[in-house]
Amino acid sequence: MKVTITDQCMGDRNCNELCPEIFEYDEDKLLSIVKMDVIPKHLEDVVRQAAKECGAEAIIIEE
Ligand code: SF4
């Protein structure tokens with residue numbers, strides 16, 4: 001699984017709180033970024049949850 005965040009991110013940091021291993025807030029860009037190229041298996045479900053909960057629909061998953 002791969003994940004990207006589009007510039008639609010509104011910076012509420014919900015994904016950061018759900019899965020800090022993967023998502024991080026970039027204070028310069030003022031949006032969240034993905035810390036890893038490939039998501040480890042054990043974090044896939046929580047990443048899917050973050051994408052589902054993202055109000056801006058900014059988290060794009062490639063299975
Ligand atoms: S949950 Fe969505 S809108 Fe909120 S910080 Fe993460 S990517 Fe951005």
# chains A, B, ... in the order shown; residues from 1 in each chain; ligands from 1

call {"tool": "residues_around", "arguments": {"residues": "A:His42", "least_positions_apart": "4", "cutoff": "12 Å", "atoms": "only C-alpha atoms", "output": "PDB file with N, CA and C atoms, in the first residue's frame"}}
result
ATOM      1  N   MET A   1       0.839  -1.196   0.000  1.00  0.00           N
ATOM      2  CA  MET A   1       0.000   0.000   0.000  1.00  0.00           C
ATOM      3  C   MET A   1       0.881   1.256   0.000  1.00  0.00           C
ATOM      4  N   CYS A  19      -2.533   8.023  13.499  1.00  0.00           N
ATOM      5  CA  CYS A  19      -1.390   7.189  13.118  1.00  0.00           C
ATOM      6  C   CYS A  19      -0.119   8.040  12.965  1.00  0.00           C
ATOM      7  N   GLU A  21       2.838   7.246  13.314  1.00  0.00           N
ATOM      8  CA  GLU A  21       3.949   6.534  12.655  1.00  0.00           C
ATOM      9  C   GLU A  21       4.024   6.900  11.172  1.00  0.00           C
ATOM     10  N   ILE A  22       2.892   7.240  10.597  1.00  0.00           N
ATOM     11  CA  ILE A  22       2.815   7.476   9.158  1.00  0.00           C
ATOM     12  C   ILE A  22       2.602   8.942   8.796  1.00  0.00           C
ATOM     13  N   VAL A  38       6.270   3.097   1.570  1.00  0.00           N
ATOM     14  CA  VAL A  38       5.403   1.916   1.599  1.00  0.00           C
ATOM     15  C   VAL A  38       4.904   1.720   3.031  1.00  0.00           C
ATOM     16  N   VAL A  46      -5.287   1.154   9.961  1.00  0.00           N
ATOM     17  CA  VAL A  46      -5.438   2.477  10.583  1.00  0.00           C
ATOM     18  C   VAL A  46      -5.262   3.583   9.528  1.00  0.00           C
ATOM     19  N   VAL A  47      -4.455   3.313   8.511  1.00  0.00           N
ATOM     20  CA  VAL A  47      -4.298   4.280   7.409  1.00  0.00           C
ATOM     21  C   VAL A  47      -5.609   4.376   6.607  1.00  0.00           C
ATOM     22  N   ARG A  48      -6.240   3.215   6.397  1.00  0.00           N
ATOM     23  CA  ARG A  48      -7.550   3.225   5.718  1.00  0.00           C
ATOM     24  C   ARG A  48      -8.565   4.014   6.538  1.00  0.00           C
TER      25      ARG A  48
END

call {"tool": "select_by_dssp", "arguments": {"residues": "stretch 16-57 of chain A", "states": "strand (DSSP E)", "output": "JSON, numbers by chain"}}
result
{"A": [23, 24, 25, 26, 31, 32, 33, 34]}

call {"tool": "residues_near_ligand", "arguments": {"ligand": "ligand 1", "cutoff": "9 Å", "atoms": "only C-alpha atoms and all ligand atoms", "output": "number ranges by chain"}}
result
A: 4-18, 23-25, 31-33, 50-59

call {"tool": "write_last_selection", "arguments": {"atoms": "N, CA and C atoms", "output": "CSV table (one decimal), in the first residue's frame"}}
result
chain,number,residue,atom,x,y,z
A,4,THR,N,-0.7,9.0,-0.4
A,4,THR,CA,-0.3,10.4,-0.6
A,4,THR,C,-1.3,11.3,0.0
A,5,ILE,N,-0.9,12.5,0.2
A,5,ILE,CA,-1.8,13.5,0.7
A,5,ILE,C,-1.9,14.7,-0.3
A,6,THR,N,-3.0,15.0,-0.7
A,6,THR,CA,-3.2,16.1,-1.7
A,6,THR,C,-3.1,17.5,-1.0
A,7,ASP,N,-3.0,18.5,-1.8
A,7,ASP,CA,-3.0,19.9,-1.2
A,7,ASP,C,-4.4,20.3,-0.7
A,8,GLN,N,-5.4,19.4,-0.8
A,8,GLN,CA,-6.7,19.7,-0.3
A,8,GLN,C,-6.7,19.6,1.3
A,9,CYS,N,-5.6,19.0,1.8
A,9,CYS,CA,-5.5,18.9,3.3
A,9,CYS,C,-5.8,20.2,4.0
A,10,MET,N,-6.7,20.1,5.0
A,10,MET,CA,-7.0,21.4,5.7
A,10,MET,C,-6.3,21.5,7.0
A,11,GLY,N,-5.4,20.5,7.3
A,11,GLY,CA,-4.5,20.7,8.4
A,11,GLY,C,-5.1,20.5,9.8
A,12,ASP,N,-6.2,19.7,9.9
A,12,ASP,CA,-6.8,19.5,11.2
A,12,ASP,C,-6.0,18.4,12.0
A,13,ARG,N,-5.1,17.7,11.4
A,13,ARG,CA,-4.2,16.8,12.1
A,13,ARG,C,-4.9,15.5,12.6
A,14,ASN,N,-6.1,15.3,12.1
A,14,ASN,CA,-6.7,14.0,12.6
A,14,ASN,C,-5.9,12.8,12.3
A,15,CYS,N,-5.4,12.8,11.0
A,15,CYS,CA,-4.6,11.6,10.6
A,15,CYS,C,-3.3,11.5,11.5
A,16,ASN,N,-2.7,12.6,11.9
A,16,ASN,CA,-1.5,12.6,12.7
A,16,ASN,C,-1.8,11.9,14.1
A,17,GLU,N,-3.0,12.2,14.6
A,17,GLU,CA,-3.4,11.7,15.9
A,17,GLU,C,-3.7,10.2,15.8
A,18,LEU,N,-4.3,9.8,14.7
A,18,LEU,CA,-4.7,8.4,14.5
A,18,LEU,C,-3.5,7.5,14.3
A,23,PHE,N,1.7,9.6,9.5
A,23,PHE,CA,1.4,11.0,9.2
A,23,PHE,C,2.0,12.0,10.1
A,24,GLU,N,2.5,13.1,9.5
A,24,GLU,CA,3.1,14.1,10.3
A,24,GLU,C,2.7,15.5,9.7
A,25,TYR,N,2.6,16.5,10.6
A,25,TYR,CA,2.3,17.8,10.1
A,25,TYR,C,3.5,18.6,9.7
A,31,LEU,N,0.4,21.6,5.9
A,31,LEU,CA,-0.4,20.4,5.6
A,31,LEU,C,0.3,19.1,6.1
A,32,SER,N,-0.5,18.1,6.2
A,32,SER,CA,0.2,16.8,6.6
A,32,SER,C,0.9,16.1,5.5
A,33,ILE,N,1.9,15.4,5.9
A,33,ILE,CA,2.7,14.6,4.9
A,33,ILE,C,2.8,13.2,5.3
A,50,ALA,N,-7.9,6.5,8.6
A,50,ALA,CA,-7.6,7.9,8.5
A,50,ALA,C,-8.1,8.5,7.2
A,51,ALA,N,-8.0,7.7,6.1
A,51,ALA,CA,-8.5,8.2,4.8
A,51,ALA,C,-10.0,8.4,4.9
A,52,LYS,N,-10.6,7.4,5.5
A,52,LYS,CA,-12.1,7.5,5.6
A,52,LYS,C,-12.6,8.7,6.4
A,53,GLU,N,-11.8,9.0,7.5
A,53,GLU,CA,-12.2,10.0,8.4
A,53,GLU,C,-11.8,11.4,7.9
A,54,CYS,N,-10.9,11.5,6.9
A,54,CYS,CA,-10.3,12.8,6.5
A,54,CYS,C,-11.5,13.6,5.8
A,55,GLY,N,-11.8,14.7,6.5
A,55,GLY,CA,-12.9,15.5,6.0
A,55,GLY,C,-12.7,16.2,4.7
A,56,ALA,N,-11.4,16.3,4.4
A,56,ALA,CA,-11.0,17.0,3.1
A,56,ALA,C,-10.8,16.0,2.0
A,57,GLU,N,-11.0,14.7,2.3
A,57,GLU,CA,-10.7,13.6,1.3
A,57,GLU,C,-9.4,13.8,0.6
A,58,ALA,N,-8.4,14.1,1.5
A,58,ALA,CA,-7.1,14.4,0.9
A,58,ALA,C,-6.1,13.2,1.0
A,59,ILE,N,-6.5,12.2,1.7
A,59,ILE,CA,-5.6,11.0,1.8
A,59,ILE,C,-6.0,10.0,0.7

call {"tool": "atom_distance", "arguments": {"atom1": "atom CA of A:Leu43", "atom2": "atom CA of A:Glu63"}}
result
13.0 Å

call {"tool": "select_by_dssp", "arguments": {"residues": "stretch 23-58 of chain A", "states": "helix (DSSP H, G or I)", "output": "count of residues only"}}
result
13

call {"tool": "atom_distance", "arguments": {"atom1": "atom CA of A:Asp45", "atom2": "atom CA of A:Leu30"}}
result
25.5 Å

call {"tool": "closest_residue", "arguments": {"among": "A:Val34, A:Ile39, A:Glu44, A:Glu27", "to": "A:Lys2", "atoms": "only C-alpha atoms"}}
result
A:Ile39
